[in-house]
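Notes follow the structure.
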Amino acid sequence: MIAIMVEILGLVLGCLALGWVFRAAGRRLTGNRPYFRDMGMGVAFGYALGAVLLVGIIYVYWQGKTAEGPEAARYFFFNKAVEGFILFAVAAWVFRALGRRIGTAGSRRLFRQMPLTAAFGILVITLYALTAIFADFLAPYGQADVFDKVNVLPGGDPAMGGDPRFLLGTDQIGRDLLSRLIFGAQNTVGIAFATTCIAFFLGGTFGFLAATLGGWVDQLLGRLVDVLMAIPALIFALLLMTIASAWAGSEKQLLTLYMVFIIAVIDSTRVFRLARAVAGNIVVMDYIEAARLRGEGLGYLIFREILPNATSPLLAEFGLRFCFVFLTIASLSFLGVGIQPPLADWGSMVRDLAPFINFAAFSPLTASLPLMAAGAIALLTVAVNFVVDWMLYRSSGLKE
Amino acid sequence: MGAIGRILVQRLILGVLTLFAVSIVIFVAVNMLPGDFAEAILGQGATPEAVEAIRRDLGLDRPMVQRYLSWLAGVLHGDFGTSFAQANFRSFTGSETGSGLGSVAEQIKPRFQNTIFLAGTTAAIAVPVSLTLGVLAALYRNTVFDRITNVATLTSISSPEFFLAYILILFLAVLNPVFPSLSNIHEGLSFTERLRLTMLPALTLTLVVTAHMMRMTRAAIINLLASPYIEMARLKGLSPMRVIIVHALPNALAPIINVIALNLAYLITGVVVVEVVFVYPGIGQLFVDSVKIRDIPVVQACCLVFAAAYILLNLTADILSILSNPRLRHPK
């Protein structure tokens, strides 16, 4: 503990010294250019720290490349992370470059202004969507197919306890893990998407109704939502899932269905808030007044006047809500009360495979199984968040 | 004092009312169970007579409003009822009913202290780190540093807690054994030993919470940087650091206090998953275990404790941000 503290202190002091030298050298070499003359110590320190970290990463990566035997296992994850990062960055760059050349004038302009993170997000979302849609063709086996070989290790090498038929191995009852990982895209993402849609339908409908009708309907719905939002979402979901599991009894598939509705209802309270606020600003407009005086009905007001004007803020919210729902479902499944077997899903895969992480020092590939499932969840939410971040940045008028 | 006192009293009453409404929601939700507690306790061996007897003992034959009121009265006295798991256990061993061993309150108390310890450790690490990083990101906004922290924080916000937890276990427990991967906390541990066991769960929560707090601190400060008095300070020739710390930070205090309280409230939800990953004996672990075995009284009590803590923190945030606003403290 003390040794780590000393090391960190040494790093900071070293970077300070390096930054000072860098700044002094810059002043001397460029003949006191304003950039170096006015450079604060903080900026110089930042440059030095960045350079030290970069060199450190390359050094550790190189160590891992040249290490042999058990020593290599220690660097396996770090090297894979570095390689994955570079691979994704290059893929996003190529994707953006392609988008800038191919497509209509509008889409080309969109790609020209796009930061690399947003390009990465769109690329990943597309890949996930394709995997989910074509899971039946991509996966070598069905998600519930049970084979006679259990606990086959990943790698496909018979000498190491693998089997070329099962690239990522099989689980404790003999199901192919690669197939389950691929079908996880269909189940986990599909269920989360459906849940978000239901939540938006419920929250949007009631939010618009509350804003248009006003009066006691508005008050009643508003207070009800206030109370429901006072209970943390995951806690409330767990409470209701307890009751739902009693209702469902031994019908496990029914429980998944209940979960969709429970999370949709809990999440719709958040959508309601936004929809109510957005519609509240629209309802006071003159054109709504005019439509009311014309004697238009409630349906016309909501669908023809309010909805078209409320679409863009609701769309950005849809991305964020999807992430939230997706993470809630993954957490519930991880805790063992979410999506039920035989449906393959990433959250419960992480829970089932988690003990393998202790083998990291001997068999890195086995230990990376739970991380693959968890990483699949993280990658999608990160991608959606990058895209939403960019959308919000664009709609905020490119301010600071 | 008059105006601000009135606002504070209003907020307090609103908080109590919300808590009251939440307790009704929880009670009604639990009473939507098919059958009732009596059948749930007896399970498969339920004969009509036994069900009837237990129903009478627990007062389940009374109307719902009456049951709610007596439950509420019990909760206010710190009595959350008897846990099912313990009830079954006792009926098998035939021990005394009045021993107090099986009460939900007894089960929750030590675990609640553990959870508070975990949340406290997290806050002690996360608050200073995130405030520093937030100020730095605002100071060097639109530079490489700002962009890298933006990407890093967005990544850690959007990853599920268990992903971050397993990454930390991989690097800090399995490959480089610095901290233990299981938080085996029990009575009689020294403070430093306990801190060492709590470190990994606390670090996981720190990663999530710091990212949130940092982004919000940055946004709060940048919002202020457009104001005329900041421009004035800059034109006087003050250094950017001084402008932010002396001129911008005090005015950003209200949103920042709000952010801290909101994130502590967020910790309450995050704690559930993280405690399960590290087998940390806190209230979140108890909650999930009870959900799995359908131990309704414990689920009900934990839910109420979580909701109360959540409401309390939000209320504190509200009150503190009112207090830190001089316009409200000194009304015209």
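In the structure tokens, chains take letters A, B, ... by order of appearance, with residues numbered from 1 within each chain and ligands from 1 in the order shown.
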Quiz item: Would you list which chain B residues are within 7 Å of chain A using only C-alpha atoms, as a VMD selection string?
Solution: chain B and resid 18 21 to 22 30 33 to 34 155 158 to 160 163 170 174 to 175 269 273 291 294 299 303 307 311
Practice problem: From a DSSP calculation on the backbone, collect every residue of range 137-322 of chain A in helix (DSSP H, G or I) and output the set as a PyMOL selection string. | Solution: chain A and resi 137-138+158-160+177-213+215-229+233-248+252-283+286-294+298-322
Quiz prompt | Close residues, Met214 in chain B itself excluded, 7 Å, only C-alpha atoms, min 2 positions apart in chain, as an NGL selection string | solution = :B and (130-131 or 133-134 or 210-212 or 216-218)
Write the residues you've just listed into a file as a PDB file, in the first residue's frame, and include all heavy atoms for each of them.
```
ATOM      1  N   SER B 130     -13.485  13.385  -8.009  1.00  0.00           N
ATOM      2  CA  SER B 130     -14.329  13.865  -9.102  1.00  0.00           C
ATOM      3  C   SER B 130     -14.372  15.387  -9.131  1.00  0.00           C
ATOM      4  O   SER B 130     -14.441  15.977 -10.207  1.00  0.00           O
ATOM      5  CB  SER B 130     -15.725  13.285  -8.987  1.00  0.00           C
ATOM      6  OG  SER B 130     -16.254  13.576  -7.742  1.00  0.00           O
ATOM      7  N   LEU B 131     -14.341  16.039  -7.949  1.00  0.00           N
ATOM      8  CA  LEU B 131     -14.336  17.504  -7.965  1.00  0.00           C
ATOM      9  C   LEU B 131     -13.060  18.019  -8.626  1.00  0.00           C
ATOM     10  O   LEU B 131     -13.111  18.920  -9.468  1.00  0.00           O
ATOM     11  CB  LEU B 131     -14.458  18.053  -6.547  1.00  0.00           C
ATOM     12  CG  LEU B 131     -15.846  17.931  -5.912  1.00  0.00           C
ATOM     13  CD1 LEU B 131     -15.911  18.738  -4.631  1.00  0.00           C
ATOM     14  CD2 LEU B 131     -16.920  18.409  -6.866  1.00  0.00           C
ATOM     15  N   LEU B 133     -11.086  16.433 -10.799  1.00  0.00           N
ATOM     16  CA  LEU B 133     -11.117  16.156 -12.237  1.00  0.00           C
ATOM     17  C   LEU B 133     -12.101  17.069 -12.958  1.00  0.00           C
ATOM     18  O   LEU B 133     -11.837  17.530 -14.065  1.00  0.00           O
ATOM     19  CB  LEU B 133     -11.482  14.691 -12.480  1.00  0.00           C
ATOM     20  CG  LEU B 133     -10.373  13.686 -12.251  1.00  0.00           C
ATOM     21  CD1 LEU B 133     -10.885  12.285 -12.479  1.00  0.00           C
ATOM     22  CD2 LEU B 133      -9.214  13.974 -13.204  1.00  0.00           C
ATOM     23  N   GLY B 134     -13.240  17.334 -12.320  1.00  0.00           N
ATOM     24  CA  GLY B 134     -14.251  18.197 -12.946  1.00  0.00           C
ATOM     25  C   GLY B 134     -13.718  19.598 -13.153  1.00  0.00           C
ATOM     26  O   GLY B 134     -13.881  20.190 -14.226  1.00  0.00           O
ATOM     27  N   THR B 210     -17.831   8.522  -9.858  1.00  0.00           N
ATOM     28  CA  THR B 210     -16.911   9.607 -10.196  1.00  0.00           C
ATOM     29  C   THR B 210     -17.224  10.163 -11.581  1.00  0.00           C
ATOM     30  O   THR B 210     -17.246  11.378 -11.773  1.00  0.00           O
ATOM     31  CB  THR B 210     -15.455   9.095 -10.189  1.00  0.00           C
ATOM     32  OG1 THR B 210     -15.198   8.556  -8.913  1.00  0.00           O
ATOM     33  CG2 THR B 210     -14.498  10.209 -10.456  1.00  0.00           C
ATOM     34  N   ALA B 211     -17.470   9.257 -12.529  1.00  0.00           N
ATOM     35  CA  ALA B 211     -17.744   9.700 -13.889  1.00  0.00           C
ATOM     36  C   ALA B 211     -18.943  10.644 -13.911  1.00  0.00           C
ATOM     37  O   ALA B 211     -18.884  11.735 -14.492  1.00  0.00           O
ATOM     38  CB  ALA B 211     -18.001   8.486 -14.776  1.00  0.00           C
ATOM     39  N   HIS B 212     -20.016  10.243 -13.235  1.00  0.00           N
ATOM     40  CA  HIS B 212     -21.215  11.088 -13.178  1.00  0.00           C
ATOM     41  C   HIS B 212     -20.903  12.449 -12.577  1.00  0.00           C
ATOM     42  O   HIS B 212     -21.204  13.489 -13.148  1.00  0.00           O
ATOM     43  CB  HIS B 212     -22.261  10.419 -12.284  1.00  0.00           C
ATOM     44  CG  HIS B 212     -23.223   9.574 -13.029  1.00  0.00           C
ATOM     45  ND1 HIS B 212     -24.196  10.112 -13.823  1.00  0.00           N
ATOM     46  CD2 HIS B 212     -23.378   8.246 -13.105  1.00  0.00           C
ATOM     47  CE1 HIS B 212     -24.888   9.140 -14.356  1.00  0.00           C
ATOM     48  NE2 HIS B 212     -24.413   7.985 -13.944  1.00  0.00           N
ATOM     49  N   MET B 216     -20.920  16.309 -14.284  1.00  0.00           N
ATOM     50  CA  MET B 216     -21.852  17.344 -13.836  1.00  0.00           C
ATOM     51  C   MET B 216     -21.111  18.548 -13.269  1.00  0.00           C
ATOM     52  O   MET B 216     -21.534  19.687 -13.470  1.00  0.00           O
ATOM     53  CB  MET B 216     -22.808  16.767 -12.806  1.00  0.00           C
ATOM     54  CG  MET B 216     -23.747  15.745 -13.406  1.00  0.00           C
ATOM     55  SD  MET B 216     -24.951  15.269 -12.184  1.00  0.00           S
ATOM     56  CE  MET B 216     -25.650  13.812 -12.886  1.00  0.00           C
ATOM     57  N   THR B 217     -20.000  18.305 -12.554  1.00  0.00           N
ATOM     58  CA  THR B 217     -19.205  19.426 -12.046  1.00  0.00           C
ATOM     59  C   THR B 217     -18.686  20.278 -13.203  1.00  0.00           C
ATOM     60  O   THR B 217     -18.775  21.501 -13.188  1.00  0.00           O
ATOM     61  CB  THR B 217     -17.998  18.899 -11.238  1.00  0.00           C
ATOM     62  OG1 THR B 217     -18.452  17.954 -10.304  1.00  0.00           O
ATOM     63  CG2 THR B 217     -17.304  20.024 -10.520  1.00  0.00           C
ATOM     64  N   ARG B 218     -18.174  19.598 -14.224  1.00  0.00           N
ATOM     65  CA  ARG B 218     -17.658  20.304 -15.397  1.00  0.00           C
ATOM     66  C   ARG B 218     -18.754  21.153 -16.027  1.00  0.00           C
ATOM     67  O   ARG B 218     -18.551  22.335 -16.312  1.00  0.00           O
ATOM     68  CB  ARG B 218     -17.139  19.278 -16.404  1.00  0.00           C
ATOM     69  CG  ARG B 218     -16.665  19.886 -17.706  1.00  0.00           C
ATOM     70  CD  ARG B 218     -16.248  18.795 -18.685  1.00  0.00           C
ATOM     71  NE  ARG B 218     -15.841  19.377 -19.936  1.00  0.00           N
ATOM     72  CZ  ARG B 218     -16.673  19.684 -20.922  1.00  0.00           C
ATOM     73  NH1 ARG B 218     -17.959  19.469 -20.772  1.00  0.00           N
ATOM     74  NH2 ARG B 218     -16.218  20.212 -22.034  1.00  0.00           N
TER      75      ARG B 218
END
```
Selection: 7 Å around range 230-232 of chain B, only C-alpha atoms, excl. self and same-chain fewer than 4 positions, as a PDB file with N, CA and C atoms, in the first residue's frame:
```
ATOM      1  N   LEU B 225     -19.076  30.044 -16.780  1.00  0.00           N
ATOM      2  CA  LEU B 225     -17.946  30.756 -17.382  1.00  0.00           C
ATOM      3  C   LEU B 225     -18.388  31.801 -18.392  1.00  0.00           C
ATOM      4  N   LYS B 236      -9.189  41.285 -15.823  1.00  0.00           N
ATOM      5  CA  LYS B 236      -8.283  41.843 -14.827  1.00  0.00           C
ATOM      6  C   LYS B 236      -6.905  41.209 -14.917  1.00  0.00           C
ATOM      7  N   VAL B 243      -9.493  32.129 -11.528  1.00  0.00           N
ATOM      8  CA  VAL B 243     -10.834  32.512 -11.961  1.00  0.00           C
ATOM      9  C   VAL B 243     -11.818  31.399 -11.599  1.00  0.00           C
ATOM     10  N   HIS B 247     -13.691  32.468  -8.265  1.00  0.00           N
ATOM     11  CA  HIS B 247     -14.880  33.173  -8.764  1.00  0.00           C
ATOM     12  C   HIS B 247     -16.000  32.247  -9.212  1.00  0.00           C
TER      13      HIS B 247
END
```
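Rounded to one decimal, CA of Ala254 in chain B and CA of Ser395 in chain A lie 26.4 Å from each other.
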Contact residues around Ile322 in chain B with only C-alpha atoms at 12 Å, ignoring same-chain residues under 2 positions, as a PDB file with C-alpha atoms, in the first residue's frame:
```
ATOM      1  CA  ALA B   3     -39.221  32.741   3.998  1.00  0.00           C
ATOM      2  CA  ILE B   4     -36.488  30.158   4.042  1.00  0.00           C
ATOM      3  CA  GLY B   5     -37.910  28.510   7.153  1.00  0.00           C
ATOM      4  CA  ARG B   6     -41.226  28.142   5.390  1.00  0.00           C
ATOM      5  CA  ILE B   7     -39.589  26.588   2.325  1.00  0.00           C
ATOM      6  CA  LEU B   8     -37.651  24.130   4.491  1.00  0.00           C
ATOM      7  CA  ARG B  11     -39.852  20.383   1.778  1.00  0.00           C
ATOM      8  CA  LEU B 253     -21.715  25.135  -5.234  1.00  0.00           C
ATOM      9  CA  ALA B 254     -25.472  24.635  -5.351  1.00  0.00           C
ATOM     10  CA  PRO B 255     -25.479  22.404  -8.449  1.00  0.00           C
ATOM     11  CA  ILE B 257     -23.918  19.792  -3.802  1.00  0.00           C
ATOM     12  CA  ASN B 258     -26.982  18.582  -5.668  1.00  0.00           C
ATOM     13  CA  LEU B 315     -34.391  15.856   0.363  1.00  0.00           C
ATOM     14  CA  THR B 316     -30.946  16.767   1.741  1.00  0.00           C
ATOM     15  CA  ALA B 317     -29.836  17.785  -1.745  1.00  0.00           C
ATOM     16  CA  ASP B 318     -32.898  19.983  -2.074  1.00  0.00           C
ATOM     17  CA  ILE B 319     -32.410  21.648   1.305  1.00  0.00           C
ATOM     18  CA  LEU B 320     -28.656  22.151   0.916  1.00  0.00           C
ATOM     19  CA  SER B 324     -26.383  27.591  -0.471  1.00  0.00           C
ATOM     20  CA  ASN B 325     -28.364  30.115  -2.501  1.00  0.00           C
ATOM     21  CA  PRO B 326     -27.867  33.567  -0.978  1.00  0.00           C
ATOM     22  CA  ARG B 327     -30.872  34.954  -2.859  1.00  0.00           C
ATOM     23  CA  LEU B 328     -33.090  32.646  -0.836  1.00  0.00           C
ATOM     24  CA  ARG B 329     -31.158  33.056   2.409  1.00  0.00           C
ATOM     25  CA  HIS B 330     -31.573  36.842   2.370  1.00  0.00           C
TER      26      HIS B 330
END
```
